[in-house]
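Structure data (TSV, C-alpha atoms) from start_19.tsv:
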chain	number	residue	atom	x	y	z
O	297	LYS	CA	28.03	-35.84	32.12
O	298	VAL	CA	24.79	-34.00	31.30
O	299	SER	CA	21.46	-35.47	32.35
O	300	ASN	CA	18.48	-35.69	30.00
O	301	ALA	CA	16.65	-33.11	32.11
O	302	GLU	CA	19.55	-30.67	31.72
O	303	LYS	CA	19.66	-31.30	27.98
O	304	MET	CA	15.93	-30.60	27.75
O	305	GLN	CA	16.32	-27.34	29.68
O	306	THR	CA	19.14	-26.28	27.36
O	307	ASN	CA	17.09	-27.09	24.26
O	308	ILE	CA	14.08	-25.19	25.58
O	309	ALA	CA	16.28	-22.17	26.36
O	310	THR	CA	17.74	-22.31	22.84
O	311	ILE	CA	14.27	-22.44	21.27
O	312	PHE	CA	13.16	-19.40	23.27
O	313	LEU	CA	16.29	-17.45	22.30
O	314	LEU	CA	15.87	-18.30	18.60
O	315	THR	CA	12.23	-17.29	18.82
O	316	PHE	CA	13.25	-13.90	20.18
O	317	LEU	CA	15.99	-13.44	17.58
O	318	PHE	CA	13.81	-14.07	14.53
O	319	VAL	CA	10.70	-12.03	15.28
O	320	ASP	CA	8.89	-11.07	12.08
O	321	ASN	CA	8.05	-7.45	11.31
O	322	ALA	CA	4.36	-8.32	11.51
O	323	SER	CA	4.66	-9.19	15.18
O	324	GLY	CA	1.70	-6.99	16.03
O	325	PHE	CA	3.45	-4.61	18.44
O	326	VAL	CA	0.92	-1.91	19.28
O	327	PRO	CA	2.29	1.00	21.32
O	328	SER	CA	-1.03	1.53	23.12
O	329	THR	CA	-0.79	-1.98	24.56
O	330	VAL	CA	2.76	-1.67	25.84
O	331	PRO	CA	1.88	-1.60	29.56
O	332	SER	CA	-0.10	-4.85	29.40
O	333	ILE	CA	2.53	-6.58	27.27
O	334	ILE	CA	5.42	-5.59	29.51
O	335	ASP	CA	3.49	-6.35	32.69
O	336	SER	CA	2.98	-9.92	31.46
O	337	THR	CA	6.73	-10.46	30.98
O	338	PRO	CA	8.25	-12.44	33.89
O	339	GLY	CA	10.17	-10.12	36.19
O	340	SER	CA	9.12	-7.01	34.33
O	341	GLU	CA	7.05	-5.80	37.24
O	342	ARG	CA	10.38	-4.72	38.74
O	343	LEU	CA	11.10	-2.47	35.76
O	344	PRO	CA	9.40	0.93	35.53
O	345	LEU	CA	8.16	1.82	32.07
O	346	PRO	CA	9.74	4.69	30.15
O	347	SER	CA	7.83	7.94	30.33
O	348	ILE	CA	4.93	7.98	27.90
O	349	SER	CA	3.21	10.74	26.04
O	350	ASN	CA	0.18	12.24	27.79
O	351	ASN	CA	-1.14	13.93	24.65
O	352	ASN	CA	-4.65	13.31	23.30
O	353	GLN	CA	-6.30	12.63	26.62
O	354	HIS	CA	-9.61	12.38	24.77
O	355	LEU	CA	-8.55	9.16	23.04
O	356	LYS	CA	-9.82	6.00	24.68
O	357	SER	CA	-6.53	4.22	24.04
O	358	LYS	CA	-3.68	6.66	24.18
O	359	PRO	CA	-0.76	5.94	21.79
O	360	VAL	CA	2.49	5.54	23.67
O	361	SER	CA	5.65	7.43	22.78
O	362	PHE	CA	8.83	6.47	24.64
O	363	LEU	CA	10.49	9.66	25.80
O	364	SER	CA	14.04	10.05	27.02
O	365	ALA	CA	15.54	12.29	29.66
O	366	THR	CA	18.45	12.87	27.28
O	367	THR	CA	18.38	14.81	24.04
O	368	PRO	CA	18.59	13.14	20.59
O	369	GLU	CA	22.07	14.62	20.22
O	370	GLU	CA	23.21	12.91	23.43
O	371	ASN	CA	21.65	9.66	22.27
O	372	CYS	CA	23.44	9.85	18.94
O	373	ALA	CA	26.81	11.03	20.16
O	374	THR	CA	27.97	7.86	21.80
O	375	MET	CA	26.99	4.34	22.80
O	376	HIS	CA	24.79	3.92	25.86
O	377	THR	CA	26.59	1.52	28.19
O	378	ASN	CA	23.58	0.02	29.91
O	379	SER	CA	24.49	-3.66	29.61
O	380	LYS	CA	25.38	-5.91	32.51
O	381	GLY	CA	29.05	-6.51	33.30
O	382	HIS	CA	31.19	-8.39	30.81
O	383	ASN	CA	32.72	-11.78	31.54
O	384	GLN	CA	34.66	-14.39	29.63
O	385	GLY	CA	31.52	-16.28	28.58
O	386	THR	CA	29.66	-13.20	27.32
O	387	LYS	CA	27.60	-13.68	24.15
O	388	LYS	CA	26.97	-10.61	22.04
O	389	LEU	CA	23.67	-10.11	20.22
O	390	LEU	CA	23.62	-7.26	17.69
O	391	LEU	CA	20.22	-5.87	16.68
O	392	VAL	CA	20.50	-3.81	13.50
O	393	GLY	CA	17.41	-1.66	13.06
O	394	GLY	CA	14.87	-0.42	15.57
O	395	GLY	CA	11.71	-1.77	13.97
O	396	HIS	CA	8.86	-3.03	16.12
O	397	GLY	CA	10.10	-6.60	15.64
O	398	HIS	CA	13.28	-5.70	17.50
O	399	ILE	CA	11.31	-3.68	20.04
O	400	GLN	CA	9.62	-6.96	20.99
O	401	VAL	CA	13.03	-8.62	21.32
O	402	ILE	CA	14.31	-5.81	23.54
O	403	LYS	CA	11.25	-5.98	25.79
O	404	SER	CA	11.53	-9.75	26.09
O	405	LEU	CA	15.29	-9.69	26.76
O	406	ASN	CA	15.36	-6.81	29.22
O	407	SER	CA	17.86	-6.61	32.08
O	408	GLN	CA	15.63	-8.58	34.44
O	409	THR	CA	14.80	-11.49	32.13
O	410	ARG	CA	17.77	-12.16	29.85
O	411	PRO	CA	20.72	-14.44	30.74
O	412	SER	CA	23.44	-12.65	32.70
O	413	ASN	CA	26.07	-13.43	30.04
O	414	LEU	CA	24.06	-11.94	27.14
O	415	GLN	CA	25.11	-8.49	25.96
O	416	ILE	CA	22.75	-6.73	23.52
O	417	THR	CA	23.56	-3.79	21.26
O	418	LEU	CA	20.99	-1.92	19.16
O	419	VAL	CA	22.10	0.03	16.08
O	420	ASP	CA	19.82	2.32	14.10
O	421	VAL	CA	20.42	5.32	11.87
O	422	GLN	CA	17.51	7.15	13.53
O	423	SER	CA	16.94	8.07	17.14
O	424	GLU	CA	13.23	7.35	16.77
O	425	ALA	CA	11.38	4.56	14.97
O	426	SER	CA	7.88	4.89	13.54
O	427	TYR	CA	5.38	2.16	14.38
O	428	SER	CA	4.04	1.30	10.92
O	429	GLY	CA	0.69	0.04	12.22
O	430	MET	CA	-0.20	3.57	13.38
O	431	VAL	CA	1.22	5.49	10.41
O	432	PRO	CA	-2.06	5.38	8.37
O	433	GLY	CA	-3.82	6.88	11.40
O	434	CYS	CA	-1.16	9.57	11.47
O	435	VAL	CA	-1.69	10.21	7.74
O	436	ALA	CA	-5.42	10.60	8.48
O	437	LYS	CA	-4.55	13.07	11.29
O	438	LEU	CA	-5.87	10.80	14.03
O	439	TYR	CA	-2.44	10.90	15.70
O	440	ASP	CA	0.42	13.37	15.80
O	441	LEU	CA	3.74	12.18	14.38
O	442	GLU	CA	5.29	12.16	17.87
O	443	GLN	CA	2.65	9.71	19.06
O	444	VAL	CA	3.59	7.01	16.54
O	445	GLN	CA	7.32	7.19	17.23
O	446	ILE	CA	9.36	5.09	19.66
O	447	ASN	CA	12.38	6.74	21.25
O	448	LEU	CA	15.08	4.11	20.82
O	449	GLY	CA	17.48	5.63	23.34
O	450	ALA	CA	14.82	5.60	26.04
O	451	ILE	CA	13.71	2.00	25.55
O	452	ALA	CA	17.35	0.86	25.29
O	453	LYS	CA	18.11	2.55	28.60
O	454	TRP	CA	15.01	0.98	30.17
O	455	ALA	CA	16.01	-2.50	28.99
O	456	GLY	CA	19.66	-2.06	30.00
O	457	ILE	CA	21.17	-2.55	26.55
O	458	ASP	CA	23.72	-0.59	24.53
O	459	TYR	CA	22.40	1.78	21.86
O	460	ILE	CA	24.34	3.29	18.97
O	461	CYS	CA	22.77	5.84	16.65
O	462	GLY	CA	24.63	5.12	13.43
O	463	ARG	CA	24.55	3.40	10.04
O	464	MET	CA	25.95	-0.10	9.54
O	465	VAL	CA	28.05	-0.04	6.37
O	466	GLY	CA	29.92	-3.35	6.46
O	467	VAL	CA	30.68	-6.64	8.18
O	468	GLU	CA	33.94	-8.45	8.92
O	469	THR	CA	33.39	-12.13	9.69
O	470	ALA	CA	35.72	-14.45	11.57
O	471	ASP	CA	37.05	-17.42	9.58
O	472	GLY	CA	36.46	-19.82	12.47
O	473	GLU	CA	40.09	-20.95	12.76
O	474	ASP	CA	41.31	-18.29	15.18
O	475	ASP	CA	39.33	-18.06	18.42
O	476	ASN	CA	40.71	-14.58	19.03
O	477	VAL	CA	39.16	-13.18	15.82
O	478	GLN	CA	35.62	-11.84	16.23
O	479	ASN	CA	32.77	-11.00	13.90
O	480	LEU	CA	32.68	-7.23	13.53
O	481	ALA	CA	29.96	-4.87	12.33
O	482	ILE	CA	31.29	-1.65	10.78
O	483	VAL	CA	29.13	1.31	11.85
O	484	GLU	CA	29.31	4.97	10.86
O	485	VAL	CA	28.55	7.03	13.97
O	486	GLY	CA	27.89	10.75	14.08
O	487	SER	CA	25.86	11.00	10.87
O	488	CYS	CA	22.51	10.77	12.66
O	489	GLU	CA	20.19	13.74	12.32
O	490	THR	CA	22.81	16.20	11.20
O	491	THR	CA	23.32	17.99	7.90
O	492	ASN	CA	27.09	18.27	8.33
O	493	ARG	CA	27.65	14.53	7.94
O	494	GLU	CA	31.33	14.40	6.99
O	495	ALA	CA	32.42	16.76	9.76
O	496	THR	CA	31.17	14.46	12.54
O	497	LEU	CA	31.65	11.02	10.97
O	498	ARG	CA	33.62	8.31	12.72
O	499	ILE	CA	33.80	4.53	12.44
O	500	LEU	CA	33.07	1.94	15.14
O	501	LYS	CA	33.74	-1.79	14.92
O	502	ILE	CA	31.23	-3.67	17.05
O	503	PRO	CA	31.92	-7.33	17.91
O	504	TYR	CA	29.01	-9.77	17.78
O	505	ASP	CA	28.19	-13.47	17.95
O	506	VAL	CA	24.69	-13.25	16.47
O	507	MET	CA	23.29	-10.49	14.28
O	508	SER	CA	19.59	-9.85	13.64
O	509	LEU	CA	18.39	-7.48	10.89
O	510	ASP	CA	15.18	-5.45	11.13
O	511	ILE	CA	15.94	-2.56	8.79
O	512	GLY	CA	12.63	-2.12	6.98
O	513	SER	CA	12.24	-2.04	3.22
O	514	ALA	CA	12.43	0.20	0.17
O	515	THR	CA	10.01	0.62	-2.75
O	516	ARG	CA	11.24	-1.59	-5.57
O	517	ASP	CA	12.35	0.17	-8.79
O	518	PHE	CA	11.20	3.56	-7.48
O	519	ARG	CA	14.23	5.36	-8.91
O	520	SER	CA	14.11	3.54	-12.26
O	521	VAL	CA	10.41	4.20	-13.08
O	522	PRO	CA	10.26	7.33	-15.28
O	523	GLY	CA	8.85	10.29	-13.35
O	524	ALA	CA	8.32	8.41	-10.09
O	525	SER	CA	10.98	10.18	-8.04
O	526	GLU	CA	9.85	13.56	-9.41
O	527	TYR	CA	6.07	13.27	-9.16
O	528	ALA	CA	5.35	10.50	-6.65
O	529	ILE	CA	5.83	9.84	-2.93
O	530	SER	CA	7.26	6.49	-1.90
O	531	THR	CA	5.74	4.87	1.18
O	532	ARG	CA	9.20	3.64	2.16
O	533	PRO	CA	10.98	4.44	4.34
O	534	ILE	CA	7.85	4.58	6.45
O	535	SER	CA	9.42	7.10	8.84
O	536	GLU	CA	9.52	9.73	6.06
O	537	LEU	CA	6.02	9.20	4.64
O	538	VAL	CA	4.09	11.57	6.90
O	539	LYS	CA	6.72	14.32	6.55
O	540	LEU	CA	6.56	14.10	2.75
O	541	ILE	CA	2.75	14.21	2.76
O	542	GLU	CA	2.80	17.27	5.03
O	543	LYS	CA	5.22	18.97	2.65
O	544	GLU	CA	3.01	18.25	-0.38
O	545	GLU	CA	-0.10	19.38	1.53
O	546	SER	CA	1.47	22.74	2.30
O	547	PHE	CA	2.51	23.15	-1.34
O	548	LEU	CA	-0.97	22.17	-2.59
O	549	CYS	CA	-2.83	24.53	-0.26
O	550	LYS	CA	-0.62	27.45	-1.34
O	551	LYS	CA	-1.38	26.76	-5.01
O	552	ILE	CA	-5.12	26.65	-4.31
O	553	GLU	CA	-4.92	29.86	-2.27
O	554	ASN	CA	-2.94	31.62	-5.01
O	555	LYS	CA	-5.25	30.19	-7.71
O	556	THR	CA	-2.27	28.75	-9.58
O	557	LEU	CA	-3.47	25.14	-9.61
O	558	SER	CA	-4.00	23.70	-13.09
O	559	GLY	CA	-6.17	20.67	-13.69
O	560	PRO	CA	-8.47	18.77	-11.32
O	561	LEU	CA	-7.62	17.82	-7.75
O	562	GLY	CA	-6.74	14.14	-7.48
O	563	ILE	CA	-4.65	11.55	-5.68
O	564	VAL	CA	-3.55	8.26	-7.23
O	565	ILE	CA	-2.51	5.39	-4.96
O	566	VAL	CA	-0.46	2.75	-6.80
O	567	GLY	CA	-1.01	-0.72	-5.35
O	568	GLY	CA	-4.41	-2.18	-4.43
O	569	GLY	CA	-3.35	-4.43	-1.59
O	570	ALA	CA	-4.52	-4.00	1.99
O	571	ALA	CA	-1.90	-1.31	2.64
O	572	GLY	CA	-2.88	0.60	-0.52
O	573	ILE	CA	-6.55	0.49	0.43
O	574	GLU	CA	-5.77	1.68	3.95
O	575	LEU	CA	-3.63	4.52	2.63
O	576	SER	CA	-6.38	5.53	0.17
O	577	LEU	CA	-8.91	5.79	2.99
O	578	ALA	CA	-6.40	7.72	5.13
O	579	MET	CA	-5.69	10.21	2.34
O	580	ARG	CA	-9.41	10.70	1.71
O	581	ALA	CA	-9.85	11.42	5.41
O	582	ARG	CA	-6.94	13.86	5.38
O	583	TRP	CA	-7.58	15.72	2.13
O	584	GLY	CA	-11.31	15.08	1.66
O	585	ALA	CA	-12.19	18.61	2.75
O	586	ILE	CA	-9.74	20.26	0.34
O	587	SER	CA	-11.52	21.75	-2.67
O	588	ASP	CA	-10.83	24.05	-5.58
O	589	ASN	CA	-13.77	26.14	-6.81
O	590	GLY	CA	-16.15	23.72	-5.14
O	591	LYS	CA	-14.56	20.63	-6.70
O	592	LYS	CA	-13.36	18.18	-4.06
O	593	MET	CA	-10.36	15.92	-4.14
O	594	SER	CA	-10.75	12.58	-5.94
O	595	VAL	CA	-8.92	9.43	-4.82
O	596	THR	CA	-8.03	6.74	-7.37
O	597	LEU	CA	-6.66	3.30	-6.51
O	598	LEU	CA	-4.50	1.76	-9.24
O	599	ASP	CA	-3.77	-1.98	-9.34
O	600	SER	CA	-3.05	-4.69	-11.94
O	601	ASN	CA	-5.82	-6.98	-10.64
O	602	ASP	CA	-9.41	-6.63	-11.84
O	603	ARG	CA	-10.73	-6.70	-8.27
O	604	LEU	CA	-9.61	-5.68	-4.82
O	605	VAL	CA	-7.81	-8.10	-2.48
O	606	PRO	CA	-8.57	-11.21	-4.62
O	607	SER	CA	-7.05	-13.56	-2.05
O	608	GLU	CA	-9.52	-12.49	0.63
O	609	SER	CA	-12.97	-13.94	1.30
O	610	LEU	CA	-16.01	-12.82	-0.71
O	611	PRO	CA	-17.60	-10.86	2.19
O	612	CYS	CA	-14.29	-9.06	2.74
O	613	ARG	CA	-13.97	-8.17	-0.96
O	614	LYS	CA	-17.55	-6.89	-1.09
O	615	ALA	CA	-16.98	-4.76	2.00
O	616	MET	CA	-13.91	-3.23	0.35
O	617	GLU	CA	-15.72	-2.55	-2.91
O	618	ASN	CA	-18.64	-0.92	-1.14
Output the structure of this file as structure tokens.
Amino acid sequence: KVSNAEKMQTNIATIFLLTFLFVDNASGFVPSTVPSIIDSTPGSERLPLPSISNNNQHLKSKPVSFLSATTPEENCATMHTNSKGHNQGTKKLLLVGGGHGHIQVIKSLNSQTRPSNLQITLVDVQSEASYSGMVPGCVAKLYDLEQVQINLGAIAKWAGIDYICGRMVGVETADGEDDNVQNLAIVEVGSCETTNREATLRILKIPYDVMSLDIGSATRDFRSVPGASEYAISTRPISELVKLIEKEESFLCKKIENKTLSGPLGIVIVGGGAAGIELSLAMRARWGAISDNGKKMSVTLLDSNDRLVPSESLPCRKAMEN
């Protein structure tokens, strides 16, 4: 017989767990505030933080980059077995994708705070995840690329969870009739950060009870729009954006130096939402000093609306337009 008080405790615990499992991507995780966030987590004072980057000492709020004692190759080669011991009542939570939504989940369900029968596994195709909130600052050269990246192997080790650097390619679900049959995630392991993909590829089947997806997004219809893949840069995946811009910048500067550039200098940003506006300002900050025969780079924002951010307040719209 279960008392009402016990039922209430169970319901509260369930609500907290569901809250952790369904964190939205816009959770507001800011690497520079990691120490204060983790310090406020019950029991986390017993957990030392991963090593953080000491670059840019001149910045008032230093961006944090989780660094690992192991190399990316060691992180990718096999699963980190950091979880607590298994028992018959173990529940398996599978986190697919290392976005900052799942980073919040990992911090909240670290080894000191999560239930002893909860096993957590993180799967991501990359060994490092870019914090999207700092990417525009990286585009504007306020931060180095390393400073906006989170080392997934390091934070997994800190939290005491298993980490697999691989790509999830399929799911096998239990039919519910046989208790011995488990849900399985099919993961390609060994393809991370290597050009010889087929030579190192192997398959893992990872059992789970609950799966949470935080895999980011892709630009819709990018491949089907004529000329887009040839002449444009997609902002997704966000982890590749800065690298692509750096590549184009090098190419552009060489053409200016060799006097082989034809036509005026200009950037067109497609999409006039808040992200498009922020990217426009970041690109102007990055390439504003680039000129060809005294003519500076122009930045054009392209959108289907007749005004910027129409859903925002009038003072906000005026500030954007000015």
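Closest approach to Gln422 (chain O) among O:Thr596, O:Asn589, O:Ser404, O:Gln445 is made by O:Gln445 (distances from only C-alpha atoms).
The gap separating CA of Arg463 (chain O) from CA of Ile446 (chain O) is 18.1 Å, in Å to one decimal.
As for CA of Ser426 (chain O) and CA of Ala524 (chain O), they are spaced 23.9 Å apart.
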Discussion item. Give me, as a PyMOL selection string, all polymer residues having an atom no more than 8 Å from Leu391 (chain O), counting only C-alpha atoms and skipping those fewer than 3 positions away in the same chain.
Written reply: chain O and resi 394+398+416-419+507-510
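Among O:Lys403, O:Arg603, O:Lys592, O:Lys543, the residue with the shortest atom-to-atom distance to Gly562 (chain O), counting only C-alpha atoms, is O:Lys592.
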If I wrap all listed atoms of region 420-437 of chain O in a box with edges along x, y and z and add 3 Å on each side, what are its centre and edge lengths in Å to one decimal, as lines of an AutoDock Vina configuration file?
center_x = 7.5
center_y = 6.6
center_z = 12.4
size_x = 31.8
size_y = 19.0
size_z = 15.4
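Counting from CA of Leu438 (chain O), the distance to CA of Gly393 (chain O) is 26.4 Å.
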Discussion item. Given all atoms listed in the file as the basis, pick out the residue of O:Ile451, O:Val421, O:Ile586, O:Cys461 nearest to Ser546 (chain O).
Written reply: O:Ile586
Item to complete: Counting all atoms listed in the file, find the residues whose atoms lie at most 9 Å from (7.3, 4.2, 0.3) (file coordinates) and write them out as number ranges by chain.
Response: O: 513-515, 518, 529-534, 536-537
Residues just named, written with C-alpha atoms as an mmCIF file, in the coordinates of the input:
data_model
loop_
_atom_site.group_PDB
_atom_site.id
_atom_site.type_symbol
_atom_site.label_atom_id
_atom_site.label_comp_id
_atom_site.auth_asym_id
_atom_site.auth_seq_id
_atom_site.Cartn_x
_atom_site.Cartn_y
_atom_site.Cartn_z
ATOM 1 C CA SER O 513 12.240 -2.040 3.220
ATOM 2 C CA ALA O 514 12.430 0.200 0.170
ATOM 3 C CA THR O 515 10.010 0.620 -2.750
ATOM 4 C CA PHE O 518 11.200 3.560 -7.480
ATOM 5 C CA ILE O 529 5.830 9.840 -2.930
ATOM 6 C CA SER O 530 7.260 6.490 -1.900
ATOM 7 C CA THR O 531 5.740 4.870 1.180
ATOM 8 C CA ARG O 532 9.200 3.640 2.160
ATOM 9 C CA PRO O 533 10.980 4.440 4.340
ATOM 10 C CA ILE O 534 7.850 4.580 6.450
ATOM 11 C CA GLU O 536 9.520 9.730 6.060
ATOM 12 C CA LEU O 537 6.020 9.200 4.640
#
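For the residues O:Val467, O:Ser412, O:Ile502, O:Val483, ranking by smallest atom-to-atom distance to Leu390 (chain O) using only C-alpha atoms places O:Ile502 first.
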Worksheet item: Using all atoms listed in the file, which residues sit within 7 Å of Met464 (chain O) once same-chain residues fewer than 3 positions away are excluded, as a ChimeraX atom specification?
Response: /O:481-484
Using the partial input, fill out region 412-430 of chain O with N, CA, C and O atoms; write the result as a PDB file, in the coordinates of the input.
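Wrote result22.pdb, looks like this:
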ATOM      1  N   SER O 412      22.470 -13.629  32.212  1.00  0.00           N
ATOM      2  CA  SER O 412      23.440 -12.650  32.700  1.00  0.00           C
ATOM      3  C   SER O 412      24.644 -12.502  31.784  1.00  0.00           C
ATOM      4  O   SER O 412      25.341 -11.493  31.842  1.00  0.00           O
ATOM      5  N   ASN O 413      24.904 -13.505  30.932  1.00  0.00           N
ATOM      6  CA  ASN O 413      26.070 -13.430  30.040  1.00  0.00           C
ATOM      7  C   ASN O 413      25.697 -12.950  28.637  1.00  0.00           C
ATOM      8  O   ASN O 413      26.495 -13.065  27.706  1.00  0.00           O
ATOM      9  N   LEU O 414      24.494 -12.429  28.459  1.00  0.00           N
ATOM     10  CA  LEU O 414      24.060 -11.940  27.140  1.00  0.00           C
ATOM     11  C   LEU O 414      24.148 -10.429  27.092  1.00  0.00           C
ATOM     12  O   LEU O 414      23.498  -9.722  27.864  1.00  0.00           O
ATOM     13  N   GLN O 415      24.974  -9.919  26.181  1.00  0.00           N
ATOM     14  CA  GLN O 415      25.110  -8.490  25.960  1.00  0.00           C
ATOM     15  C   GLN O 415      24.394  -8.130  24.654  1.00  0.00           C
ATOM     16  O   GLN O 415      24.620  -8.757  23.621  1.00  0.00           O
ATOM     17  N   ILE O 416      23.544  -7.123  24.687  1.00  0.00           N
ATOM     18  CA  ILE O 416      22.750  -6.730  23.520  1.00  0.00           C
ATOM     19  C   ILE O 416      23.105  -5.315  23.112  1.00  0.00           C
ATOM     20  O   ILE O 416      23.202  -4.415  23.945  1.00  0.00           O
ATOM     21  N   THR O 417      23.303  -5.116  21.811  1.00  0.00           N
ATOM     22  CA  THR O 417      23.560  -3.790  21.260  1.00  0.00           C
ATOM     23  C   THR O 417      22.555  -3.515  20.153  1.00  0.00           C
ATOM     24  O   THR O 417      22.352  -4.353  19.270  1.00  0.00           O
ATOM     25  N   LEU O 418      21.931  -2.362  20.192  1.00  0.00           N
ATOM     26  CA  LEU O 418      20.990  -1.920  19.160  1.00  0.00           C
ATOM     27  C   LEU O 418      21.644  -0.831  18.331  1.00  0.00           C
ATOM     28  O   LEU O 418      22.203   0.120  18.869  1.00  0.00           O
ATOM     29  N   VAL O 419      21.572  -0.972  16.995  1.00  0.00           N
ATOM     30  CA  VAL O 419      22.100   0.030  16.080  1.00  0.00           C
ATOM     31  C   VAL O 419      20.987   0.489  15.153  1.00  0.00           C
ATOM     32  O   VAL O 419      20.297  -0.338  14.544  1.00  0.00           O
ATOM     33  N   ASP O 420      20.796   1.783  15.055  1.00  0.00           N
ATOM     34  CA  ASP O 420      19.820   2.320  14.100  1.00  0.00           C
ATOM     35  C   ASP O 420      20.268   3.700  13.665  1.00  0.00           C
ATOM     36  O   ASP O 420      20.848   4.452  14.457  1.00  0.00           O
ATOM     37  N   VAL O 421      19.991   4.034  12.415  1.00  0.00           N
ATOM     38  CA  VAL O 421      20.420   5.320  11.870  1.00  0.00           C
ATOM     39  C   VAL O 421      19.552   6.456  12.383  1.00  0.00           C
ATOM     40  O   VAL O 421      19.906   7.634  12.242  1.00  0.00           O
ATOM     41  N   GLN O 422      18.405   6.134  12.983  1.00  0.00           N
ATOM     42  CA  GLN O 422      17.510   7.150  13.530  1.00  0.00           C
ATOM     43  C   GLN O 422      17.424   7.023  15.044  1.00  0.00           C
ATOM     44  O   GLN O 422      17.607   5.937  15.589  1.00  0.00           O
ATOM     45  N   SER O 423      17.123   8.121  15.691  1.00  0.00           N
ATOM     46  CA  SER O 423      16.940   8.070  17.140  1.00  0.00           C
ATOM     47  C   SER O 423      15.524   7.681  17.511  1.00  0.00           C
ATOM     48  O   SER O 423      15.253   7.323  18.652  1.00  0.00           O
ATOM     49  N   GLU O 424      14.608   7.725  16.537  1.00  0.00           N
ATOM     50  CA  GLU O 424      13.230   7.350  16.770  1.00  0.00           C
ATOM     51  C   GLU O 424      12.737   6.477  15.632  1.00  0.00           C
ATOM     52  O   GLU O 424      13.073   6.710  14.470  1.00  0.00           O
ATOM     53  N   ALA O 425      11.946   5.472  15.966  1.00  0.00           N
ATOM     54  CA  ALA O 425      11.380   4.560  14.970  1.00  0.00           C
ATOM     55  C   ALA O 425       9.876   4.750  14.917  1.00  0.00           C
ATOM     56  O   ALA O 425       9.222   4.892  15.954  1.00  0.00           O
ATOM     57  N   SER O 426       9.323   4.750  13.701  1.00  0.00           N
ATOM     58  CA  SER O 426       7.880   4.890  13.540  1.00  0.00           C
ATOM     59  C   SER O 426       7.226   3.521  13.584  1.00  0.00           C
ATOM     60  O   SER O 426       7.694   2.584  12.939  1.00  0.00           O
ATOM     61  N   TYR O 427       6.149   3.408  14.356  1.00  0.00           N
ATOM     62  CA  TYR O 427       5.380   2.160  14.380  1.00  0.00           C
ATOM     63  C   TYR O 427       4.448   2.155  13.173  1.00  0.00           C
ATOM     64  O   TYR O 427       3.500   2.934  13.091  1.00  0.00           O
ATOM     65  N   SER O 428       4.733   1.278  12.210  1.00  0.00           N
ATOM     66  CA  SER O 428       4.040   1.300  10.920  1.00  0.00           C
ATOM     67  C   SER O 428       2.547   1.065  11.043  1.00  0.00           C
ATOM     68  O   SER O 428       1.767   1.565  10.234  1.00  0.00           O
ATOM     69  N   GLY O 429       2.114   0.316  12.067  1.00  0.00           N
ATOM     70  CA  GLY O 429       0.690   0.040  12.220  1.00  0.00           C
ATOM     71  C   GLY O 429      -0.137   1.272  12.534  1.00  0.00           C
ATOM     72  O   GLY O 429      -1.347   1.294  12.305  1.00  0.00           O
ATOM     73  N   MET O 430       0.515   2.335  13.045  1.00  0.00           N
ATOM     74  CA  MET O 430      -0.200   3.570  13.380  1.00  0.00           C
ATOM     75  C   MET O 430       0.035   4.682  12.361  1.00  0.00           C
ATOM     76  O   MET O 430      -0.601   5.737  12.452  1.00  0.00           O
TER      77      MET O 430
END
